[in-house]
Structures are given as C-alpha cells and as structure tokens.
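Engineer: Supplied structure: input.cif, mmCIF, C-alpha atoms and all ligand atoms.
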data_model
#
loop_
_atom_site.label_atom_id
_atom_site.label_comp_id
_atom_site.auth_asym_id
_atom_site.auth_seq_id
_atom_site.Cartn_x
_atom_site.Cartn_y
_atom_site.Cartn_z
CA MET B 84 36.22 -214.76 -129.20
CA GLY B 85 38.59 -216.54 -126.93
CA LYS B 86 41.18 -213.88 -127.24
CA ALA B 87 42.58 -212.58 -123.96
CA PRO B 88 43.88 -209.16 -124.97
CA ASN B 89 44.69 -208.14 -121.43
CA ARG B 90 47.50 -210.63 -121.40
CA GLU B 91 49.21 -209.14 -124.45
CA LYS B 92 52.71 -207.94 -123.81
CA GLY B 93 53.29 -204.17 -123.65
CA ASP B 94 54.91 -202.49 -126.62
CA GLY B 95 58.54 -201.43 -126.78
CA ARG B 96 58.02 -197.79 -126.01
CA ARG B 97 56.70 -198.48 -122.55
CA ARG B 98 59.19 -198.21 -119.74
CA ILE B 99 60.99 -201.43 -118.98
CA HIS B 100 59.80 -201.81 -115.43
CA ALA B 101 56.22 -201.20 -116.52
CA VAL B 102 56.66 -204.03 -119.01
CA LEU B 103 58.19 -206.23 -116.35
CA GLY B 104 55.31 -205.34 -114.04
CA GLY B 105 52.86 -206.30 -116.77
CA ILE B 106 54.62 -209.61 -117.39
CA LEU B 107 54.72 -210.35 -113.67
CA ALA B 108 51.04 -209.64 -113.37
CA ALA B 109 50.39 -211.84 -116.41
CA LEU B 110 52.44 -214.68 -114.94
CA LEU B 111 50.47 -214.36 -111.73
CA VAL B 112 47.19 -214.59 -113.57
CA LEU B 113 48.43 -217.52 -115.61
CA GLY B 114 49.43 -219.25 -112.43
CA PHE B 115 53.10 -219.58 -113.41
CA LEU B 116 54.13 -217.92 -110.19
CA PRO B 117 52.82 -218.43 -106.70
CA ALA B 118 50.05 -215.93 -105.96
CA GLY B 119 51.24 -212.80 -104.25
CA ASN B 120 53.95 -210.22 -104.89
CA PRO B 121 51.49 -207.32 -104.66
CA THR B 122 54.39 -204.87 -104.18
CA ALA B 123 55.59 -205.15 -107.79
CA ARG B 124 52.06 -204.69 -109.02
CA ALA B 125 51.35 -201.75 -106.72
CA ALA B 126 54.60 -200.12 -107.85
CA SER B 127 53.56 -200.60 -111.46
CA GLU B 128 50.13 -199.11 -110.75
CA ALA B 129 51.64 -196.08 -108.98
CA ASP B 130 54.19 -195.70 -111.76
CA LEU B 131 51.47 -195.71 -114.39
CA LYS B 132 49.42 -193.16 -112.47
CA GLN B 133 52.53 -191.00 -112.15
CA LYS B 134 53.24 -191.45 -115.86
CA ILE B 135 49.67 -190.45 -116.80
CA ARG B 136 49.92 -187.34 -114.58
CA SER B 137 53.20 -186.36 -116.18
CA LEU B 138 51.80 -187.00 -119.68
CA ASP B 139 48.83 -184.79 -118.79
CA THR B 140 51.21 -182.03 -117.73
CA GLU B 141 53.09 -182.47 -120.99
CA LEU B 142 49.82 -182.34 -122.94
CA ARG B 143 48.75 -179.11 -121.22
CA SER B 144 52.11 -177.51 -121.87
CA LYS B 145 52.01 -178.55 -125.55
CA GLU B 146 48.46 -177.22 -125.83
CA GLY B 147 49.72 -173.91 -124.44
CA GLU B 148 52.56 -173.87 -126.97
CA LYS B 149 50.09 -174.63 -129.71
CA SER B 150 47.70 -171.85 -128.79
CA GLN B 151 50.60 -169.38 -128.56
CA ALA B 152 51.88 -170.45 -131.99
CA GLN B 153 48.36 -170.17 -133.37
CA LYS B 154 48.07 -166.68 -131.92
CA ASP B 155 51.43 -165.71 -133.44
CA LEU B 156 50.33 -167.08 -136.76
CA ASN B 157 47.06 -165.13 -136.70
CA GLN B 158 48.89 -161.92 -135.75
CA LEU B 159 51.41 -162.49 -138.53
CA ARG B 160 48.68 -163.13 -141.07
CA ALA B 161 46.92 -159.90 -140.06
CA ASP B 162 50.23 -157.98 -140.38
CA LYS B 163 50.85 -159.58 -143.74
CA GLU B 164 47.39 -158.62 -144.96
CA ARG B 165 47.97 -155.01 -143.88
CA LEU B 166 51.35 -154.95 -145.59
CA LYS B 167 49.81 -156.27 -148.80
CA GLN B 168 47.19 -153.52 -148.68
CA GLU B 169 49.94 -150.92 -148.18
CA ILE B 170 51.83 -152.33 -151.14
CA SER B 171 48.74 -152.18 -153.29
CA ALA B 172 48.13 -148.56 -152.13
CA LEU B 173 51.75 -147.78 -153.05
CA ASP B 174 51.18 -149.36 -156.46
CA SER B 175 48.25 -147.05 -157.17
CA GLN B 176 50.22 -144.04 -155.85
CA ILE B 177 53.11 -144.98 -158.13
CA ALA B 178 50.77 -145.35 -161.10
CA GLU B 179 49.13 -142.02 -160.34
CA THR B 180 52.46 -140.23 -159.90
CA ASN B 181 53.72 -141.78 -163.11
CA ALA B 182 50.67 -140.46 -164.92
CA ARG B 183 51.34 -136.99 -163.51
CA VAL B 184 54.97 -137.17 -164.62
CA GLU B 185 53.85 -138.20 -168.11
CA ASN B 186 51.37 -135.34 -168.17
CA LEU B 187 54.10 -132.89 -167.16
CA LYS B 188 56.44 -134.27 -169.80
CA ALA B 189 53.75 -133.70 -172.44
CA LYS B 190 53.24 -130.13 -171.22
CA ILE B 191 56.95 -129.47 -171.24
CA GLU B 192 57.20 -130.79 -174.78
CA GLU B 193 54.24 -128.70 -175.92
CA ASN B 194 55.64 -125.51 -174.37
CA THR B 195 59.11 -126.23 -175.70
CA LYS B 196 57.61 -126.43 -179.17
CA LYS B 197 55.84 -123.10 -178.59
CA LYS B 198 59.08 -121.61 -177.36
CA GLU B 199 60.86 -122.80 -180.51
CA GLU B 200 58.11 -121.22 -182.61
CA ARG B 201 58.63 -117.97 -180.74
CA GLU B 202 62.35 -118.24 -181.29
CA ALA B 203 61.79 -118.67 -185.01
CA ALA B 204 59.37 -115.75 -185.00
CA LEU B 205 61.87 -113.68 -183.07
CA LYS B 206 64.59 -114.48 -185.54
CA ALA B 207 62.34 -113.45 -188.43
CA ALA B 208 61.30 -110.26 -186.63
CA THR B 209 64.89 -109.39 -185.85
CA GLU B 210 65.89 -109.91 -189.47
CA ARG B 211 62.99 -107.80 -190.70
CA LEU B 212 63.87 -105.11 -188.21
CA GLU B 213 67.53 -105.18 -189.24
CA THR B 214 66.69 -105.04 -192.94
CA HIS B 215 64.31 -102.17 -192.43
CA ARG B 216 66.75 -100.29 -190.19
CA GLU B 217 69.49 -100.59 -192.84
CA GLU B 218 67.17 -99.40 -195.60
CA LEU B 219 66.02 -96.47 -193.48
CA GLN B 220 69.57 -95.54 -192.61
CA LYS B 221 70.57 -95.65 -196.28
CA ARG B 222 67.59 -93.52 -197.24
CA LEU B 223 68.28 -90.98 -194.45
CA TYR B 224 71.92 -90.90 -195.42
CA ARG B 225 71.05 -90.24 -199.04
CA LEU B 226 68.50 -87.62 -198.01
CA TYR B 227 70.52 -85.58 -195.53
CA VAL B 228 74.16 -86.31 -196.15
CA GLN B 229 74.74 -87.48 -199.69
CA GLY B 230 71.77 -85.70 -201.19
CA ASP B 231 69.99 -88.42 -203.00
CA MET B 232 69.37 -87.83 -206.61
CA THR B 233 65.85 -88.83 -206.42
CA TYR B 234 65.11 -86.56 -203.50
CA GLY B 235 67.27 -83.85 -205.11
CA GLU B 236 65.41 -84.11 -208.34
CA VAL B 237 62.16 -84.00 -206.44
CA LEU B 238 63.27 -80.97 -204.52
CA PHE B 239 65.06 -79.14 -207.29
CA GLY B 240 62.20 -79.76 -209.66
CA ALA B 241 60.09 -77.50 -207.44
CA ARG B 242 58.37 -74.66 -209.24
CA ASP B 243 58.53 -72.27 -206.28
CA PHE B 244 59.42 -72.14 -202.57
CA ALA B 245 55.98 -73.17 -201.44
CA ASP B 246 56.15 -76.10 -203.73
CA PHE B 247 59.67 -76.83 -202.40
CA VAL B 248 58.51 -76.70 -198.77
CA GLY B 249 55.57 -78.90 -199.66
CA ARG B 250 57.88 -81.40 -201.24
CA VAL B 251 60.25 -81.39 -198.21
CA GLU B 252 57.30 -81.97 -195.94
CA ILE B 253 56.09 -84.87 -198.03
CA LEU B 254 59.56 -86.40 -197.97
CA SER B 255 59.86 -85.82 -194.23
CA ALA B 256 56.48 -87.46 -193.68
CA ALA B 257 57.70 -90.50 -195.64
CA VAL B 258 60.80 -90.67 -193.45
CA GLU B 259 58.64 -90.28 -190.32
CA ALA B 260 56.42 -93.14 -191.48
CA ASP B 261 59.50 -95.26 -191.94
CA LYS B 262 60.63 -94.37 -188.42
CA ARG B 263 57.24 -95.28 -186.97
CA LEU B 264 57.35 -98.57 -188.81
CA LEU B 265 60.77 -99.17 -187.29
CA VAL B 266 59.33 -98.58 -183.82
CA GLU B 267 56.46 -100.95 -184.60
CA TYR B 268 58.88 -103.66 -185.69
CA LYS B 269 60.87 -103.16 -182.53
CA ARG B 270 57.76 -103.41 -180.37
CA ALA B 271 56.71 -106.63 -182.13
CA LYS B 272 60.18 -108.07 -181.62
CA ASP B 273 60.12 -107.16 -177.91
CA GLU B 274 56.71 -108.80 -177.55
CA VAL B 275 57.91 -112.06 -179.11
CA GLU B 276 60.97 -111.92 -176.87
CA ARG B 277 58.76 -111.39 -173.80
CA GLN B 278 56.60 -114.37 -174.79
CA LYS B 279 59.70 -116.50 -175.28
CA ARG B 280 60.99 -115.57 -171.82
CA ALA B 281 57.57 -116.32 -170.26
CA LEU B 282 57.58 -119.73 -171.94
CA GLU B 283 61.10 -120.39 -170.70
CA SER B 284 60.10 -119.57 -167.16
CA LEU B 285 56.99 -121.77 -167.48
CA ILE B 286 59.09 -124.66 -168.79
CA ALA B 287 61.57 -124.20 -165.92
CA SER B 288 58.76 -124.35 -163.38
CA LEU B 289 57.30 -127.44 -165.09
CA GLU B 290 60.74 -129.05 -164.97
CA THR B 291 60.96 -128.30 -161.24
CA ASP B 292 57.58 -129.97 -160.73
CA ARG B 293 58.66 -132.91 -162.81
CA ARG B 294 61.88 -133.37 -160.83
CA ALA B 295 59.92 -133.20 -157.55
CA LEU B 296 57.50 -135.85 -158.81
CA GLN B 297 60.39 -137.97 -160.03
CA GLU B 298 61.89 -137.83 -156.54
CA GLU B 299 58.50 -138.72 -155.07
CA LEU B 300 58.40 -141.68 -157.45
CA SER B 301 61.82 -142.88 -156.28
CA ARG B 302 60.71 -142.57 -152.67
CA LEU B 303 57.54 -144.57 -153.38
CA ALA B 304 59.47 -147.23 -155.26
CA LEU B 305 61.93 -147.53 -152.37
CA ARG B 306 59.07 -147.84 -149.87
CA LYS B 307 57.49 -150.52 -152.03
CA GLU B 308 60.79 -152.39 -152.22
CA GLU B 309 61.14 -152.26 -148.42
CA HIS B 310 57.56 -153.45 -147.96
CA THR B 311 58.05 -156.29 -150.42
CA ALA B 312 61.23 -157.42 -148.64
CA LYS B 313 59.38 -157.27 -145.33
CA LEU B 314 56.52 -159.30 -146.82
CA SER B 315 58.91 -162.04 -147.85
CA THR B 316 60.36 -162.23 -144.31
CA TYR B 317 56.78 -162.41 -143.00
CA GLU B 318 56.11 -165.27 -145.39
CA GLU B 319 59.23 -167.08 -144.22
CA THR B 320 58.20 -166.64 -140.58
CA GLU B 321 54.70 -167.82 -141.44
CA ARG B 322 56.15 -170.98 -142.99
CA GLN B 323 58.24 -171.56 -139.86
CA ILE B 324 55.29 -171.14 -137.51
CA ALA B 325 53.12 -173.40 -139.64
CA GLN B 326 55.83 -176.04 -139.54
CA LYS B 327 56.16 -175.63 -135.79
CA LEU B 328 52.40 -176.08 -135.45
CA GLU B 329 52.63 -179.29 -137.44
CA GLU B 330 55.38 -180.52 -135.16
CA ILE B 331 53.36 -179.61 -132.08
CA ASP B 332 50.36 -181.47 -133.49
CA ALA B 333 52.51 -184.55 -134.10
CA GLU B 334 53.88 -184.27 -130.54
CA LEU B 335 50.35 -183.89 -129.18
CA ALA B 336 49.21 -186.99 -131.08
CA ARG B 337 52.22 -188.94 -129.84
CA ILE B 338 51.67 -187.90 -126.20
CA ALA B 339 47.93 -188.57 -126.43
CA ALA B 340 48.60 -192.05 -127.86
CA GLU B 341 51.12 -192.73 -125.11
CA ARG B 342 48.64 -191.53 -122.52
CA SER B 343 45.91 -193.72 -123.94
CA ARG B 344 48.23 -196.75 -123.84
CA ALA B 345 49.24 -196.00 -120.26
CA SER B 346 45.62 -195.52 -119.29
CA ALA B 347 44.57 -198.82 -120.89
CA GLU B 348 47.48 -200.55 -119.20
CA LEU B 349 46.49 -199.06 -115.86
CA GLU B 350 42.90 -200.16 -116.35
CA ARG B 351 44.08 -203.67 -117.17
CA ILE B 352 46.31 -203.85 -114.09
CA ILE B 353 43.55 -202.58 -111.80
CA GLN B 354 41.11 -205.10 -113.25
CA GLU B 355 43.59 -207.91 -112.77
CA ARG B 356 44.23 -206.81 -109.23
CA ARG B 357 40.49 -206.82 -108.48
CA ALA B 358 40.09 -210.25 -110.08
CA GLN B 359 43.00 -211.61 -108.07
CA GLU B 360 41.69 -210.04 -104.89
CA ALA B 361 38.35 -211.70 -105.56
CA GLN B 362 40.07 -215.01 -106.22
CA ARG B 363 42.11 -214.71 -103.03
CA ALA B 364 38.94 -213.95 -101.12
CA ARG B 365 37.45 -217.18 -102.43
CA ALA B 366 40.62 -219.21 -102.02
CA GLY B 367 39.47 -220.46 -98.64
CA GLN B 368 36.08 -221.48 -99.97
CA SER B 369 35.69 -225.24 -100.11
CA THR B 370 32.40 -225.16 -102.01
CA VAL B 371 32.13 -224.20 -105.65
CA PRO B 372 29.96 -221.09 -106.16
CA GLU B 373 26.50 -222.11 -107.38
CA GLY B 374 24.25 -220.04 -109.59
CA ILE B 375 21.67 -221.34 -112.03
CA PHE B 376 24.78 -223.13 -113.36
CA THR B 377 27.82 -224.27 -111.44
CA TRP B 378 31.23 -222.59 -111.97
CA PRO B 379 33.02 -224.38 -114.87
CA VAL B 380 36.61 -224.29 -113.48
CA PRO B 381 36.48 -225.26 -109.80
CA GLY B 382 39.24 -223.59 -107.79
CA TYR B 383 39.82 -220.76 -110.31
CA TYR B 384 37.41 -217.91 -109.88
CA ALA B 385 39.10 -214.91 -111.50
CA ILE B 386 37.78 -213.36 -114.70
CA SER B 387 40.59 -211.81 -116.74
CA SER B 388 38.34 -210.55 -119.52
CA PRO B 389 34.62 -209.90 -118.93
CA TYR B 390 31.68 -210.21 -121.31
CA GLY B 391 30.82 -207.23 -123.48
CA TYR B 392 32.45 -204.51 -125.50
CA ARG B 393 35.88 -203.45 -124.50
CA ILE B 394 38.64 -201.37 -126.02
CA HIS B 395 41.58 -203.48 -127.01
CA PRO B 396 44.45 -202.08 -124.91
CA ILE B 397 47.02 -202.34 -127.69
CA PHE B 398 45.11 -201.88 -130.95
CA GLY B 399 42.61 -199.46 -129.46
CA THR B 400 39.75 -201.05 -131.40
CA ARG B 401 36.30 -201.77 -129.93
CA GLN B 402 35.62 -205.51 -129.79
CA PHE B 403 32.80 -207.63 -128.52
CA HIS B 404 33.80 -210.39 -126.12
CA ASN B 405 31.01 -212.93 -126.15
CA GLY B 406 31.98 -214.78 -122.96
CA ILE B 407 34.19 -214.63 -119.90
CA ASP B 408 37.84 -215.67 -119.71
CA ILE B 409 38.78 -217.73 -116.63
CA PRO B 410 42.57 -218.10 -116.33
CA ALA B 411 43.81 -221.41 -114.92
CA PRO B 412 46.98 -223.53 -115.30
CA MET B 413 47.30 -225.89 -118.24
CA ARG B 414 45.16 -229.05 -117.98
CA THR B 415 43.05 -227.82 -115.04
CA PRO B 416 39.77 -229.79 -115.11
CA ILE B 417 36.75 -228.09 -116.74
CA VAL B 418 33.29 -229.27 -115.64
CA ALA B 419 29.83 -229.11 -117.26
CA ALA B 420 27.98 -226.04 -115.97
CA ASP B 421 24.77 -228.07 -115.92
CA THR B 422 23.30 -231.36 -117.04
CA GLY B 423 22.84 -231.67 -120.81
CA VAL B 424 23.77 -233.29 -124.11
CA VAL B 425 27.13 -232.68 -125.82
CA THR B 426 26.28 -231.22 -129.24
CA TYR B 427 29.80 -230.24 -130.37
CA ALA B 428 33.19 -231.68 -129.37
CA ARG B 429 35.94 -230.75 -131.83
CA TRP B 430 37.99 -227.91 -133.29
CA MET B 431 36.31 -224.59 -133.94
CA SER B 432 37.98 -221.68 -135.68
CA GLY B 433 39.12 -219.08 -133.12
CA PHE B 434 38.08 -221.07 -130.07
CA GLY B 435 40.39 -224.01 -130.85
CA ASN B 436 39.23 -227.28 -129.24
CA THR B 437 35.65 -226.61 -128.20
CA VAL B 438 32.79 -228.34 -126.42
CA ILE B 439 29.16 -227.17 -126.56
CA ILE B 440 26.52 -228.64 -124.26
CA ALA B 441 22.77 -228.15 -124.77
CA HIS B 442 20.83 -227.87 -121.50
CA GLY B 443 17.28 -227.59 -122.85
CA ASN B 444 14.97 -224.58 -123.17
CA GLY B 445 17.28 -223.28 -125.96
CA VAL B 446 20.20 -222.72 -123.58
CA SER B 447 23.72 -224.01 -124.35
CA THR B 448 27.17 -223.49 -122.81
CA LEU B 449 30.41 -223.23 -124.81
CA TYR B 450 33.91 -224.14 -123.53
CA GLY B 451 36.85 -222.84 -125.64
CA HIS B 452 40.67 -223.13 -125.93
CA ILE B 453 40.63 -226.71 -124.51
CA ASP B 454 44.07 -228.34 -124.58
CA TYR B 455 45.15 -230.77 -127.30
CA GLY B 456 43.71 -234.15 -126.29
CA GLY B 457 41.77 -232.28 -123.59
CA ILE B 458 38.25 -233.02 -124.90
CA LEU B 459 36.99 -235.82 -122.58
CA VAL B 460 33.46 -236.20 -124.00
CA SER B 461 31.94 -236.98 -127.40
CA GLU B 462 29.05 -235.54 -129.36
CA GLY B 463 25.70 -237.02 -128.32
CA GLN B 464 26.94 -237.94 -124.83
CA VAL B 465 24.76 -236.97 -121.86
CA VAL B 466 26.71 -235.21 -119.09
CA SER B 467 25.66 -234.21 -115.59
CA ARG B 468 26.18 -230.96 -113.74
CA GLY B 469 29.76 -230.68 -112.36
CA GLN B 470 31.03 -233.65 -114.44
CA GLN B 471 34.54 -233.23 -115.79
CA ILE B 472 34.34 -232.72 -119.59
CA ALA B 473 37.67 -231.17 -120.65
CA LEU B 474 41.12 -229.77 -119.66
CA VAL B 475 42.25 -226.12 -119.81
CA GLY B 476 44.53 -225.26 -122.71
CA THR B 477 45.43 -222.35 -124.98
CA THR B 478 44.39 -223.62 -128.42
CA GLY B 479 42.91 -221.34 -131.07
CA TYR B 480 43.22 -217.62 -130.82
CA SER B 481 44.60 -217.39 -127.31
CA THR B 482 47.73 -216.03 -125.71
CA GLY B 483 47.73 -218.05 -122.49
CA PRO B 484 45.97 -220.96 -120.76
CA HIS B 485 42.38 -220.09 -119.82
CA LEU B 486 38.82 -221.25 -120.35
CA HIS B 487 36.65 -219.11 -122.57
CA PHE B 488 33.09 -219.70 -121.32
CA SER B 489 30.01 -218.50 -123.21
CA VAL B 490 26.29 -218.98 -122.62
CA ILE B 491 24.02 -219.10 -125.68
CA GLU B 492 20.29 -218.50 -125.46
CA ASN B 493 18.33 -219.37 -128.62
CA GLY B 494 21.42 -218.79 -130.77
CA SER B 495 22.53 -215.51 -129.15
CA TYR B 496 25.35 -214.94 -126.71
CA VAL B 497 24.15 -213.65 -123.32
CA PRO B 498 26.14 -212.51 -120.27
CA PRO B 499 27.45 -215.74 -118.61
CA CYS B 500 27.22 -214.04 -115.21
CA ASN B 501 23.42 -214.25 -115.58
CA TYR B 502 23.91 -218.04 -115.14
CA VAL B 503 27.05 -218.59 -113.06
CA ARG B 504 27.98 -216.70 -109.88
CA CYS B 505 30.73 -214.39 -111.02
CA PRO B 506 33.24 -212.93 -108.60
ZN ZN E 601 37.34 -215.30 -124.30
#
The structure given in the file should be rewritten as structure tokens.
Ligand SMILES: [Zn+2]

Structural biologist:
Amino acid sequence: MGKAPNREKGDGRRRIHAVLGGILAALLVLGFLPAGNPTARAASEADLKQKIRSLDTELRSKEGEKSQAQKDLNQLRADKERLKQEISALDSQIAETNARVENLKAKIEENTKKKEEREAALKAATERLETHREELQKRLYRLYVQGDMTYGEVLFGARDFADFVGRVEILSAAVEADKRLLVEYKRAKDEVERQKRALESLIASLETDRRALQEELSRLALRKEEHTAKLSTYEETERQIAQKLEEIDAELARIAAERSRASAELERIIQERRAQEAQRARAGQSTVPEGIFTWPVPGYYAISSPYGYRIHPIFGTRQFHNGIDIPAPMRTPIVAADTGVVTYARWMSGFGNTVIIAHGNGVSTLYGHIDYGGILVSEGQVVSRGQQIALVGTTGYSTGPHLHFSVIENGSYVPPCNYVRCP
C-alpha cells in the first residue's frame, strides 16, 4: 500500500529531542526544509544508540533481579515443603502419643478397679478377722476365766481323771484350731493388703508415665504451632516474591518494548540517512537514471520505504509493501516509466488518485497518492516514456507527499528496482 510508515510521528514516551530529531528528519525527507542539517540527525542517531545501550543494561540488570527472585522462590518452596513434611510427622507423633496416653488411661482405670476390689476384699477380710477374734476371745475368756458352763459341764461330767484329761485336751485342740484359723485369716488379710499396695505402686508408676507423655504431647503441640506459624510467614513471603516476579516481568516487557521502539526508530533514521546520502550523491546528476524503465520522479531519487516485508516501526506488525515510496514536494511532476496505454486513471482505495499504464508483455506500472487534480492523462490514452502524467500528492492512505510506485507483472507485484535504477 501507499502507506509510508517511516514518516509516522514517534509516540509520547520517546524523549522529546528524539521526537524532534524524527520530525526534522521527516521534514527533510518531505522537502519542507532545505537539505542538510546532518548534525541534528547524527545527534539523534547517537542518542538512540546510547538509549539502546542503556536499555540493554537495564534489561540485563532486571534479568539478574528476576533470576535471583526465582532462586529465592525455589529455595522458599523447598523450605516450605520440608516444613510441611515436619508438620505432618509431628501430626503422626501427636496421634501416636495420644494413643499411648489413652492406652495408659485405660490401664490406670483397670488397675484402679482391681485396687478397689482388693480394698473391698480387705475390708471383708478385716471384718471376718475381727469377728473371729472377738468370738475366740469370748470363748477363751469363758474357758479360762469365767469357766464356761458348757465347758464346765463337759469337764465336770467326766467319769474319771483320764476322761477329764481327755476332755481338756479335746477342748484345747478346739481352741488351738480356732487360733490357727485366726492366723490364717490374718495371713489372708496381709496378702490382700500386699496386693493392694502393689496395685497402688503400679498405678502411681502408670500415672508418672502418663504425665510424662502428657508433657511430651504439649511439647509436640507447641512445636507444631511454631511450625504452622512459620509456614504462614513462608507463605506470605512466597506471595511477596511472586508479586515481585510479576512486577519484574512487567518491567522487562516495558523495557523490551521501549528497546524495540528505539531500535526501529534507529533503523528508520539510518535508512533515511542512507537514502538522503544517495540522493545528495545524485543531486549533481543532470541525466535521469535509466534502467529498463526510466525513473518516475526526475530530480527525486530517495526511497523512503522499500519493496518487501518490513516491520511497522510503531505497530510492530509485519506488512508487505508492494512498491517503493519516493518522497518529493507536493505537485512535483511524475513521468511515465515507459511507453504504454493508460488503463486506469481515477481514485483507488488506499492509493488515492492512481494511474496505471500497461506497457505490453503483461507488465504495468502503478502511480499512487497523486494530488487532487493531479491526474494529467485519461484512460485509453497512449503515453511515451518520460512523458509527464501526474503530480505528486498525498491522497489515500498516506502521511506525506510521495509517489508510491509499483510494477505489476501478469497481475503480481514485483520488485520495482528490477525495472528502474534504484539508488
Ligand atoms: Zn508505498
């Protein structure tokens, strides 16, 4: 298309003098200013190179920051993972210790019940022992002191001394048996008492164990609490680093975009400089450069936008430019590149006022952005090589006066420099 993107103004973020430099260069190309003033342009070029270097330094430093933050984040995530594992280990320890405490509690309860049984047994044994002791004492008292009637009757009913002795012995044996029984009762009572004491000591030791485990539990719970608090600070730090990384990425994108703009701008300025140098070199030439075709804008030999794909310096999109742009002042004469028949001489979308000339053998030339009232030929007219056909303008999709010149071979655009002698 006839668009001349390299003459677009710079955007607002660019430094003012770079913008001014760009405008100056544009004015030069457009012919609004006398040719020259290379100092301003050189300054702008040097400034841009300096800017790109400093943006590169900034990029490297941001990359360094990013890799450090990434490293910190990885370290933190590893620490966090370890902490989580420790917490989960603490959880199982706590569960296990709890189970042991429960087990101890059950044992304590069981042994306490046993102890209570022993206490009941002891009470019964003591009562039995007391009852028996009282009965024995009464019987002995009656036998030896009071002279029990029953014993007395037994004894005094004796037929003779032998019988009497026999009867005393029998009575004594009965008393002895009672005494032995008393001893037995006492032994049984002592045994129950011993068992009770053993159970008490067992329960005390179980209680000691239980208290120790309970303390262990408190310690574990405290450790878990500390770990959990630490985990939450880790998570907060992780959030902060992640946010910082996002900011660094945004900064990186911003710097990279700025660098790409500066680089495109630099490329544009260098290209313009080369074109202008070429034009200056030809300025002294009196003859128009001749190729297969003659040059369509005599006296103006710069190309501000070449044929082919190029990256748009502002939008950054890849576009195909199907011809060459030759900047020249408004209403500069445009001539037919070769002899032919005018096949098109009116408005065309994008190219504005347009002339197309067919030269035979399927080759045509197209002249775009012609000024209003600048078409000097009509369709069907035969024109000769070098004949004036139109005036330079900026109609259609164009940002400044220039001729857009395309060569079409059998319906396809081909590089115009195959036909005209390009600078
Ligand atoms: Zn163009």

Engineer: 12 Å from ligand ZN 601 (chain E) is the threshold here; counting only C-alpha atoms and all ligand atoms, which polymer residues fall inside it? Answer as number ranges by chain.

Structural biologist: B: 84-90, 386-393, 402-410, 433-435, 449-453, 477-490, 499

Engineer: Expressed in Å to a single decimal, how great is the separation between atom CA of Ser127 of chain B and atom CA of Lys145 of chain B?

Structural biologist: 26.2 Å

Engineer: Need to verify the contact set: segment 189-196 of chain B, 8 Å, all atoms listed in the file, exclusion of same-chain residues closer than 6 positions in sequence. Can you return it as a count of residues only?

Structural biologist: 6

Engineer: In Å, how far is it from atom CA of Glu213 of chain B to atom CA of Ala260 of chain B?

Structural biologist: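 If I compute the distance from atom CA of Glu213 of chain B to atom CA of Ala260 of chain B, I get 16.5 Å.
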
Engineer: Would you compute the distance between atom CA of Ala358 of chain B and atom CA of Pro498 of chain B? Give it in Å to one decimal.

Structural biologist: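 Spanning atom CA of Ala358 of chain B to atom CA of Pro498 of chain B is a straight-line distance of 17.4 Å.
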
Engineer: Using all atoms listed in the file, find the one residue out of B:Asp454, B:Asp246, B:Glu341, B:Glu462 that sits nearest to Tyr427 of chain B.

Structural biologist: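 Distance minimum relative to Tyr427 of chain B lands on B:Glu462.
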
Engineer: Could you build a table of the residues in segment 155-273 of chain B lying no more than 8 Å from segment 317-325 of chain B, giving for each the nearest pair of atoms and their separation in Å rounded to one decimal place, using all atoms listed in the file, ordered by chain and ascending residue number, as a tab-separated table?

Structural biologist:
residue	atom	partner	partner_atom	distance
B:Asp155	CA	B:Ile324	CA	7.8
B:Leu156	CA	B:Glu321	CA	6.4
B:Leu159	CA	B:Glu321	CA	6.9
B:Arg160	CA	B:Glu321	CA	7.6
B:Lys163	CA	B:Tyr317	CA	6.6

Engineer: Rank B:Glu267, B:Glu373, B:Asp139, B:Glu276 by their smallest atom-to-atom distance to His215 of chain B, using all atoms listed in the file, and report the top residue only.

Structural biologist: B:Glu267

Engineer: Pick the closest to Ile177 of chain B from B:Lys307, B:Arg222, B:Arg136, B:Lys272: which is it, counting only C-alpha atoms?

Structural biologist: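 Among B:Lys307, B:Arg222, B:Arg136, B:Lys272, it is B:Lys307 that comes nearest to Ile177 of chain B.
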
Engineer: Nearest residue to Arg211 of chain B out of B:Ala271, B:Gln153, B:Asp162, B:Val184, using all atoms listed in the file?

Structural biologist: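 Result for the nearest residue to Arg211 of chain B: B:Ala271.
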
Engineer: When you count only C-alpha atoms, which of these residues is closest to Leu328 of chain B: B:Gln362, B:Asn501, B:Thr448, B:Ser150?

Structural biologist: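 Of B:Gln362, B:Asn501, B:Thr448, B:Ser150, the one nearest Leu328 of chain B, counting only C-alpha atoms, is B:Ser150.
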
Engineer: Using only C-alpha atoms, which of the listed residues (B:Gly382, B:Asn181, B:Ala257, B:Glu330) sits closest to Ser301 of chain B?

Structural biologist: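 Ranked by minimum distance to Ser301 of chain B, first place goes to B:Asn181.
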
Engineer: If you count only C-alpha atoms, which residues fall within 10 Å of Gly456 of chain B, apart from same-chain ones fewer than 5 positions away, as a JSON list (two decimals) with C-alpha atoms, in the coordinates of the input?

Structural biologist:
[["chain", "number", "residue", "atom", "x", "y", "z"],
["B", 414, "ARG", "CA", 45.16, -229.05, -117.98],
["B", 436, "ASN", "CA", 39.23, -227.28, -129.24],
["B", 473, "ALA", "CA", 37.67, -231.17, -120.65],
["B", 474, "LEU", "CA", 41.12, -229.77, -119.66],
["B", 476, "GLY", "CA", 44.53, -225.26, -122.71]]

Engineer: Would you pick out the contacts of Glu218 of chain B at 12 Å or less, using only C-alpha atoms, so that residues sharing its chain but fewer than 3 positions from it are not included, and give the list as number ranges by chain?

Structural biologist: B: 211-215, 221-225, 258, 261-262, 264-265
